[in-house]
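Asker: Next up, my_file.cif (mmCIF, C-alpha atoms).
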```
data_work
loop_
_atom_site.label_atom_id
_atom_site.label_comp_id
_atom_site.auth_asym_id
_atom_site.auth_seq_id
_atom_site.Cartn_x
_atom_site.Cartn_y
_atom_site.Cartn_z
CA MET A 1 1.87 43.78 -132.10
CA ALA A 2 3.85 46.81 -131.06
CA GLY A 3 2.05 50.10 -131.16
CA VAL A 4 3.26 53.23 -132.90
CA THR A 5 4.80 55.72 -130.51
CA THR A 6 3.37 59.20 -130.84
CA PRO A 7 6.11 61.80 -130.80
CA SER A 8 6.11 64.32 -127.99
CA LYS A 9 4.34 67.60 -128.70
CA GLU A 10 7.40 69.35 -127.38
CA HIS A 11 9.50 68.02 -130.25
CA ALA A 12 11.04 70.72 -132.46
CA SER A 13 9.29 69.31 -135.52
CA HIS A 14 5.90 70.18 -133.99
CA GLU A 15 7.03 73.71 -133.35
CA LEU A 16 7.97 74.00 -137.02
CA GLY A 17 4.51 72.81 -138.06
CA MET A 18 5.73 69.69 -139.82
CA HIS A 19 2.92 67.51 -138.46
CA THR A 20 0.07 69.81 -139.45
CA GLU A 21 1.03 70.47 -143.09
CA ALA A 22 -1.69 69.31 -145.51
CA LEU A 23 -0.13 67.36 -148.40
CA ARG A 24 -2.48 67.44 -151.36
CA GLY A 25 -0.51 65.19 -153.67
CA ARG A 26 0.28 67.97 -156.13
CA THR A 27 3.78 68.39 -157.51
CA GLN A 28 3.25 71.71 -159.24
CA GLN A 29 1.44 74.79 -157.99
CA ARG A 30 -0.67 76.72 -160.46
CA PHE A 31 -0.03 80.44 -160.19
CA PHE A 32 -1.78 81.78 -163.30
CA ASP A 33 -5.03 81.12 -165.13
CA VAL A 34 -4.22 81.57 -168.83
CA GLU A 35 -7.83 82.15 -169.89
CA ALA A 36 -8.35 84.75 -167.16
CA ILE A 37 -5.16 86.54 -168.17
CA GLU A 38 -6.19 86.67 -171.84
CA SER A 39 -9.75 87.81 -171.11
CA SER A 40 -8.52 90.58 -168.81
CA GLY A 41 -5.99 91.84 -171.34
CA LEU A 42 -3.04 91.08 -169.09
CA GLY A 43 0.11 89.38 -170.27
CA TYR A 44 2.94 90.92 -172.28
CA PRO A 45 2.45 94.70 -172.44
CA ASP A 46 2.87 94.89 -176.23
CA ALA A 47 0.97 91.70 -177.12
CA PRO A 48 -1.93 92.56 -179.45
CA GLN A 49 -5.41 91.07 -179.07
CA VAL A 50 -6.08 88.86 -182.09
CA ASP A 51 -9.07 86.98 -183.47
CA PHE A 52 -8.31 83.47 -184.75
CA ASN A 53 -11.27 83.73 -187.16
CA LYS A 54 -9.73 86.79 -188.79
CA ARG A 55 -7.39 85.48 -191.51
CA ALA A 56 -4.77 87.16 -193.70
CA GLU A 57 -2.13 85.98 -196.14
CA PHE A 58 0.69 87.62 -198.08
CA ASP A 59 3.38 86.70 -200.60
CA ALA A 60 6.91 87.13 -199.20
CA ALA A 61 8.77 86.32 -202.42
CA ASP A 62 10.13 89.88 -202.85
CA MET A 63 10.55 90.70 -199.15
CA ASP A 64 13.59 90.36 -196.90
CA SER A 65 13.49 88.88 -193.38
CA ARG A 66 12.99 92.23 -191.65
CA ALA A 67 10.11 93.21 -193.92
CA ILE A 68 8.39 89.86 -193.41
CA ASN A 69 8.60 90.09 -189.62
CA LEU A 70 7.34 93.68 -189.68
CA LYS A 71 4.42 92.62 -191.86
CA LEU A 72 3.53 89.88 -189.36
CA ARG A 73 3.47 92.42 -186.54
CA GLU A 74 1.36 94.86 -188.54
CA LEU A 75 -1.22 92.16 -189.22
CA MET A 76 -1.29 91.13 -185.55
CA ASP A 77 -1.77 94.76 -184.54
CA GLU A 78 -4.78 94.81 -186.88
CA GLY A 79 -6.24 91.83 -185.01
CA TYR A 80 -5.47 89.02 -187.45
CA GLY A 81 -5.12 85.76 -185.52
CA SER A 82 -4.48 83.44 -188.50
CA ILE A 83 -1.71 84.45 -190.90
CA VAL A 84 -0.34 82.59 -193.94
CA VAL A 85 3.07 83.50 -195.35
CA LYS A 86 3.61 82.32 -198.92
CA ASN A 87 7.04 81.83 -200.49
CA PRO A 88 9.21 82.52 -197.40
CA GLY A 89 12.20 81.50 -199.53
CA ALA A 90 14.23 79.86 -196.73
CA ARG A 91 15.04 83.28 -195.27
CA HIS A 92 16.62 83.41 -191.83
CA SER A 93 15.08 84.45 -188.49
CA LEU A 94 11.46 84.49 -189.62
CA GLY A 95 8.61 84.46 -187.09
CA VAL A 96 10.87 85.26 -184.13
CA GLY A 97 9.87 86.93 -180.87
CA ILE A 98 6.09 86.46 -181.19
CA LEU A 99 4.74 86.74 -177.65
CA ASN A 100 1.01 86.10 -178.07
CA ARG A 101 -1.41 83.48 -179.36
CA LEU A 102 -1.43 83.19 -183.16
CA ASN A 103 -2.02 80.64 -185.92
CA LEU A 104 0.96 81.10 -188.24
CA ILE A 105 1.51 79.07 -191.41
CA PHE A 106 4.60 79.23 -193.64
CA GLU A 107 3.98 77.76 -197.09
CA GLY A 108 7.61 76.94 -197.79
CA SER A 109 10.95 76.52 -196.03
CA LEU A 110 12.75 78.65 -193.44
CA GLY A 111 16.46 79.30 -192.95
CA TYR A 112 18.44 79.56 -189.70
CA PHE A 113 16.86 80.48 -186.34
CA GLY A 114 13.26 80.24 -187.51
CA CYS A 115 10.52 80.94 -184.92
CA GLY A 116 12.93 81.46 -182.05
CA LEU A 117 12.06 83.19 -178.77
CA ILE A 118 8.32 82.64 -179.19
CA ASP A 119 5.77 82.41 -176.38
CA GLY A 120 2.33 81.22 -177.45
CA PRO A 121 1.83 80.92 -181.23
CA ASN A 122 0.94 77.73 -183.07
CA VAL A 123 3.23 77.50 -186.13
CA ARG A 124 3.11 75.09 -189.06
CA ILE A 125 5.90 75.03 -191.64
CA HIS A 126 5.16 73.26 -194.94
CA GLY A 127 8.81 72.73 -195.80
CA ARG A 128 12.24 72.42 -194.22
CA VAL A 129 14.06 74.52 -191.61
CA GLY A 130 17.73 75.36 -191.04
CA TRP A 131 19.79 75.41 -187.86
CA SER A 132 18.32 76.19 -184.44
CA CYS A 133 14.62 76.24 -185.26
CA GLY A 134 12.56 77.02 -182.14
CA GLU A 135 15.60 78.20 -180.19
CA ASN A 136 14.60 79.35 -176.67
CA MET A 137 10.93 78.67 -177.36
CA LEU A 138 8.79 79.28 -174.26
CA ALA A 139 5.29 78.08 -175.19
CA GLY A 140 3.12 77.14 -178.16
CA THR A 141 3.68 74.59 -180.92
CA ILE A 142 5.89 74.39 -184.00
CA VAL A 143 5.29 71.59 -186.53
CA ILE A 144 7.69 71.11 -189.47
CA GLU A 145 6.46 68.86 -192.26
CA LYS A 146 9.91 67.97 -193.66
CA ASN A 147 13.49 67.93 -192.28
CA ALA A 148 15.39 70.24 -189.91
CA GLY A 149 19.05 71.24 -189.51
CA SER A 150 21.37 70.95 -186.54
CA GLN A 151 20.67 72.27 -183.03
CA PHE A 152 16.93 71.78 -183.49
CA GLY A 153 15.24 73.17 -180.36
CA ALA A 154 18.38 74.60 -178.77
CA ALA A 155 17.66 75.69 -175.18
CA VAL A 156 13.91 75.18 -175.68
CA ARG A 157 12.01 75.90 -172.45
CA GLY A 158 8.40 74.89 -173.13
CA GLY A 159 5.77 73.96 -175.70
CA ASP A 160 5.89 71.24 -178.37
CA LEU A 161 8.53 71.37 -181.13
CA VAL A 162 7.84 68.75 -183.80
CA CYS A 163 9.77 67.75 -186.94
CA LYS A 164 8.06 65.03 -188.96
CA GLY A 165 11.26 64.30 -190.89
CA SER A 166 14.85 63.85 -189.74
CA VAL A 167 17.08 66.37 -187.96
CA GLY A 168 20.80 67.10 -187.67
CA SER A 169 23.22 66.86 -184.77
CA ARG A 170 22.89 68.38 -181.29
CA THR A 171 19.11 68.23 -181.26
CA GLY A 172 17.78 69.73 -178.02
CA ILE A 173 21.19 70.96 -176.88
CA ASP A 174 20.78 72.54 -173.43
CA GLN A 175 17.04 71.73 -173.45
CA LYS A 176 15.40 73.27 -170.37
CA GLY A 177 11.81 72.05 -170.74
CA GLY A 178 9.02 71.35 -173.17
CA THR A 179 8.82 68.48 -175.65
CA ILE A 180 10.84 67.82 -178.80
CA ILE A 181 9.48 65.20 -181.22
CA VAL A 182 11.35 63.88 -184.28
CA GLY A 183 9.53 61.59 -186.70
CA GLY A 184 12.75 60.37 -188.35
CA ASP A 185 16.41 60.11 -187.32
CA THR A 186 18.63 62.45 -185.31
CA GLY A 187 22.37 63.08 -185.46
CA ALA A 188 25.25 62.97 -182.97
CA PHE A 189 25.14 64.56 -179.51
CA THR A 190 21.36 64.72 -179.37
CA GLY A 191 20.29 65.84 -175.89
CA PHE A 192 23.77 67.23 -175.13
CA MET A 193 23.68 68.95 -171.70
CA MET A 194 19.92 68.42 -171.48
CA GLN A 195 18.58 69.88 -168.23
CA ARG A 196 14.86 69.14 -168.26
CA GLY A 197 11.96 68.21 -170.56
CA ARG A 198 11.27 65.25 -172.81
CA MET A 199 12.42 64.22 -176.25
CA ILE A 200 10.97 61.59 -178.59
CA ILE A 201 13.02 60.23 -181.49
CA CYS A 202 10.91 57.87 -183.60
CA GLY A 203 13.87 56.77 -185.75
CA ASN A 204 17.55 56.18 -185.02
CA ALA A 205 19.90 58.27 -182.84
CA GLY A 206 23.54 59.06 -183.64
CA LYS A 207 26.62 58.90 -181.44
CA ASN A 208 26.81 60.23 -177.87
CA LEU A 209 23.08 60.40 -177.22
CA GLY A 210 22.36 62.35 -174.03
CA ASP A 211 25.99 63.27 -173.44
CA SER A 212 26.40 65.15 -170.13
CA MET A 213 22.63 65.36 -169.63
CA TYR A 214 21.73 66.70 -166.19
CA ASP A 215 18.08 65.63 -166.16
CA GLY A 216 15.16 65.00 -168.51
CA THR A 217 14.09 61.95 -170.53
CA ILE A 218 14.84 60.79 -174.07
CA TYR A 219 12.77 58.12 -175.85
CA VAL A 220 14.14 56.41 -178.97
CA GLY A 221 12.09 54.14 -181.22
CA GLY A 222 14.99 52.99 -183.45
CA GLU A 223 18.62 52.10 -182.89
CA ILE A 224 21.02 54.10 -180.71
CA LYS A 225 24.58 54.36 -182.05
CA ASP A 226 25.92 54.80 -178.51
CA LEU A 227 25.24 56.69 -175.31
CA GLY A 228 27.16 59.75 -174.16
CA VAL A 229 28.72 60.42 -170.77
CA ASP A 230 26.30 59.85 -167.86
CA ALA A 231 23.37 58.81 -170.08
CA VAL A 232 21.88 55.49 -168.95
CA PRO A 233 18.97 53.22 -169.98
CA ALA A 234 15.85 53.15 -167.81
CA GLU A 235 12.74 51.00 -167.69
CA LEU A 236 9.79 52.07 -169.84
CA ASN A 237 6.76 52.07 -167.54
CA ASP A 238 3.01 52.36 -168.14
CA ALA A 239 3.02 56.11 -167.58
CA ASP A 240 5.71 56.49 -170.27
CA ARG A 241 3.71 54.36 -172.72
CA ALA A 242 0.52 56.31 -172.13
CA TRP A 243 2.27 59.65 -172.60
CA LEU A 244 4.12 58.49 -175.74
CA HIS A 245 0.91 57.16 -177.27
CA ARG A 246 -0.96 60.40 -176.61
CA LYS A 247 1.78 62.72 -177.84
CA LEU A 248 2.60 60.80 -181.01
CA LYS A 249 -1.06 60.33 -181.90
CA MET A 250 -1.63 64.07 -181.46
CA TYR A 251 0.87 64.81 -184.25
CA GLU A 252 0.02 61.77 -186.43
CA LEU A 253 3.40 60.14 -185.72
CA LEU A 254 2.20 57.07 -183.80
CA PRO A 255 3.99 53.98 -185.20
CA ALA A 256 1.83 51.15 -186.52
CA ASN A 257 3.39 48.79 -183.95
CA GLY A 258 2.71 51.09 -181.00
CA VAL A 259 5.24 52.40 -178.49
CA ASN A 260 6.37 49.32 -176.55
CA HIS A 261 9.62 49.13 -178.53
CA PHE A 262 10.82 52.59 -177.45
CA GLN A 263 13.98 52.80 -175.34
CA LYS A 264 14.11 55.23 -172.43
CA ILE A 265 17.29 57.15 -171.63
CA VAL A 266 17.81 59.26 -168.49
CA ALA A 267 20.69 60.94 -166.64
CA GLY A 268 22.90 58.70 -164.52
CA LYS A 269 23.54 61.75 -162.29
CA GLN A 270 27.19 60.86 -161.79
CA LEU A 271 28.17 64.32 -163.01
CA TRP A 272 26.04 66.17 -160.46
CA ASN A 273 28.95 66.33 -157.99
CA TYR A 274 31.73 66.10 -160.56
CA ASP A 275 33.82 68.89 -159.01
CA ASN A 276 33.95 67.02 -155.72
CA LEU A 277 35.31 63.78 -157.22
CA GLU A 278 38.90 62.66 -156.96
CA PRO A 279 40.94 62.69 -160.20
CA SER A 280 40.81 58.90 -160.40
CA GLU A 281 37.00 58.97 -159.99
CA LYS A 282 36.60 61.63 -162.69
CA LYS A 283 38.37 59.33 -165.15
CA LEU A 284 35.91 56.56 -164.39
CA VAL A 285 32.90 58.85 -164.96
CA LEU A 286 34.21 60.15 -168.28
#
```
I'd like the structure from this file rewritten - as structure tokens, please.
Answerer:
Amino acid sequence: MAGVTTPSKEHASHELGMHTEALRGRTQQRFFDVEAIESSGLGYPDAPQVDFNKRAEFDAADMDSRAINLKLRELMDEGYGSIVVKNPGARHSLGVGILNRLNLIFEGSLGYFGCGLIDGPNVRIHGRVGWSCGENMLAGTIVIEKNAGSQFGAAVRGGDLVCKGSVGSRTGIDQKGGTIIVGGDTGAFTGFMMQRGRMIICGNAGKNLGDSMYDGTIYVGGEIKDLGVDAVPAELNDADRAWLHRKLKMYELLPANGVNHFQKIVAGKQLWNYDNLEPSEKKLVL
């Protein structure tokens, strides 16, 4: 049996330290300790310290969007960590820009751009939402009990965005991270230009699923009308099944027949070097 030749110590790779690097099997370095940051008062400069056990509620029936959002900030400044908004009246842009931990409950429906640009709160909406709910969400959770409009989770970057009903077209357009979960069906161009993150559709998916997706993963439990450009099927492995089971069970959306029937869609990565292709090759990709 031939032995393994040990490279010379004079090789350039040794000088660069490539043979002494300790690989610890970690794919993501942890830079911040969230609990330490919160206990030390660090974080966003204007983020108030709130107590989850301190609860407040108010009726928004006679208030406009600006007044409702100002009221939310006043209550957070007073230390309330659990806030209930009654009769939101499907007003637009409610609960936006909240940059700290908070339990926020809307007893009713929201309009367009609900709970966008948030970083940390846990939101539950006992109704429907309009277009672009959770747009540019960074962290936290949003759970909608009924249906959602188009562009659900546009450009979402982190956290869990959950709609227990069905959603419109372009769900997760330009998704950059996080998890989007839909308990029902989704419309056309879901996952359009998806860059990262995961999406679970428990029902059916419309036309052009994953069109022009750069990366990320889409799981579909129902039928797929058709796939978009550069979206391809992939094998569902044990790690996928375990993650799907855990996530769907967490939000009480686990199907009675389990998760083995889910289809997995990923990027074919043919568009990664699209500008370098010949005209005839570009036609084949598209």
Asker: Please write as number ranges by chain the full residue list that the PyMOL selection byres ((chain A and resi 211-223) around 7) yields on this file.
Answerer: A: 189, 191-205, 208-210, 224-225, 227-231, 261-267, 269
Asker: Which residues of range 70-138 of chain A come within 12 Å of range 175-184 of chain A, and what is each one's closest atom pair and distance in Å (one decimal), counting all atoms listed in the file, sorted by chain and residue number, as JSON lines?
Answerer:
```
{"residue": "A:Asp119", "atom": "CA", "partner": "A:Gly178", "partner_atom": "CA", "distance": 12.0}
{"residue": "A:Ser132", "atom": "CA", "partner": "A:Gln175", "partner_atom": "CA", "distance": 11.9}
{"residue": "A:Cys133", "atom": "CA", "partner": "A:Ile180", "partner_atom": "CA", "distance": 11.3}
{"residue": "A:Gly134", "atom": "CA", "partner": "A:Ile180", "partner_atom": "CA", "distance": 9.9}
{"residue": "A:Glu135", "atom": "CA", "partner": "A:Gln175", "partner_atom": "CA", "distance": 9.5}
{"residue": "A:Asn136", "atom": "CA", "partner": "A:Gln175", "partner_atom": "CA", "distance": 8.6}
{"residue": "A:Met137", "atom": "CA", "partner": "A:Gly178", "partner_atom": "CA", "distance": 8.6}
{"residue": "A:Leu138", "atom": "CA", "partner": "A:Gly178", "partner_atom": "CA", "distance": 8.0}
```
Asker: Please return as number ranges by chain every residue within 10 Å of (2.8, 72.5, -189.0), taking into account only C-alpha atoms and the file's own coordinates.
Answerer: A: 103-107, 122-127, 141-146, 161-164, 251
Asker: Separation of CA of Trp131 in chain A and CA of Ala155 in chain A, in Å?
Answerer: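 Going from CA of Trp131 in chain A over to CA of Ala155 in chain A covers 12.9 Å.
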Asker: Counting all atoms listed in the file, figure out which residue out of A:Asn237, A:Ser150, A:Ser169, A:Ser109 gets nearest to Lys86 in chain A.
Answerer: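 Once distances to Lys86 in chain A are computed over all atoms listed in the file, the minimum belongs to A:Ser109.
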Asker: Taking only C-alpha atoms into account, which of A:Asn53, A:Thr171, A:Asn147, A:Ser93 comes nearest Val129 in chain A?
Answerer: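 With only C-alpha atoms as the atom set, the closest residue is A:Asn147.
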Asker: Could you check the closest approach to Cys115 in chain A for each of A:Lys247, A:Pro233, A:Gly165, A:His92 and tell me which residue wins, using all atoms listed in the file?
Answerer: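 When distances to Cys115 in chain A are compared using all atoms listed in the file, the smallest one comes from A:His92.
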Asker: With N, CA and C atoms as the goal, would you fill in the gaps in range 62-73 of chain A and present it as a PDB file, in the coordinates of the input?
Answerer:
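Output file result_35.pdb is given in full below:
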```pdb
ATOM      1  N   ASP A  62       9.264  88.722-202.602  1.00  0.00           N
ATOM      2  CA  ASP A  62      10.130  89.880-202.850  1.00  0.00           C
ATOM      3  C   ASP A  62      10.446  90.658-201.580  1.00  0.00           C
ATOM      4  N   MET A  63      10.317  90.028-200.425  1.00  0.00           N
ATOM      5  CA  MET A  63      10.550  90.700-199.150  1.00  0.00           C
ATOM      6  C   MET A  63      11.749  90.091-198.444  1.00  0.00           C
ATOM      7  N   ASP A  64      12.502  90.903-197.710  1.00  0.00           N
ATOM      8  CA  ASP A  64      13.590  90.360-196.900  1.00  0.00           C
ATOM      9  C   ASP A  64      13.059  89.965-195.519  1.00  0.00           C
ATOM     10  N   SER A  65      13.923  89.398-194.683  1.00  0.00           N
ATOM     11  CA  SER A  65      13.490  88.880-193.380  1.00  0.00           C
ATOM     12  C   SER A  65      12.870  89.969-192.512  1.00  0.00           C
ATOM     13  N   ARG A  66      13.495  91.139-192.492  1.00  0.00           N
ATOM     14  CA  ARG A  66      12.990  92.230-191.650  1.00  0.00           C
ATOM     15  C   ARG A  66      11.598  92.663-192.099  1.00  0.00           C
ATOM     16  N   ALA A  67      11.405  92.787-193.402  1.00  0.00           N
ATOM     17  CA  ALA A  67      10.110  93.210-193.920  1.00  0.00           C
ATOM     18  C   ALA A  67       9.017  92.188-193.627  1.00  0.00           C
ATOM     19  N   ILE A  68       9.374  90.905-193.699  1.00  0.00           N
ATOM     20  CA  ILE A  68       8.390  89.860-193.410  1.00  0.00           C
ATOM     21  C   ILE A  68       7.967  89.908-191.952  1.00  0.00           C
ATOM     22  N   ASN A  69       8.927  90.032-191.050  1.00  0.00           N
ATOM     23  CA  ASN A  69       8.600  90.090-189.620  1.00  0.00           C
ATOM     24  C   ASN A  69       7.797  91.339-189.277  1.00  0.00           C
ATOM     25  N   LEU A  70       8.119  92.462-189.903  1.00  0.00           N
ATOM     26  CA  LEU A  70       7.340  93.680-189.680  1.00  0.00           C
ATOM     27  C   LEU A  70       5.908  93.515-190.181  1.00  0.00           C
ATOM     28  N   LYS A  71       5.755  92.858-191.316  1.00  0.00           N
ATOM     29  CA  LYS A  71       4.420  92.620-191.860  1.00  0.00           C
ATOM     30  C   LYS A  71       3.605  91.742-190.911  1.00  0.00           C
ATOM     31  N   LEU A  72       4.228  90.731-190.330  1.00  0.00           N
ATOM     32  CA  LEU A  72       3.530  89.880-189.360  1.00  0.00           C
ATOM     33  C   LEU A  72       3.037  90.710-188.176  1.00  0.00           C
ATOM     34  N   ARG A  73       3.862  91.601-187.680  1.00  0.00           N
ATOM     35  CA  ARG A  73       3.470  92.420-186.540  1.00  0.00           C
ATOM     36  C   ARG A  73       2.373  93.424-186.890  1.00  0.00           C
TER      37      ARG A  73
END
```
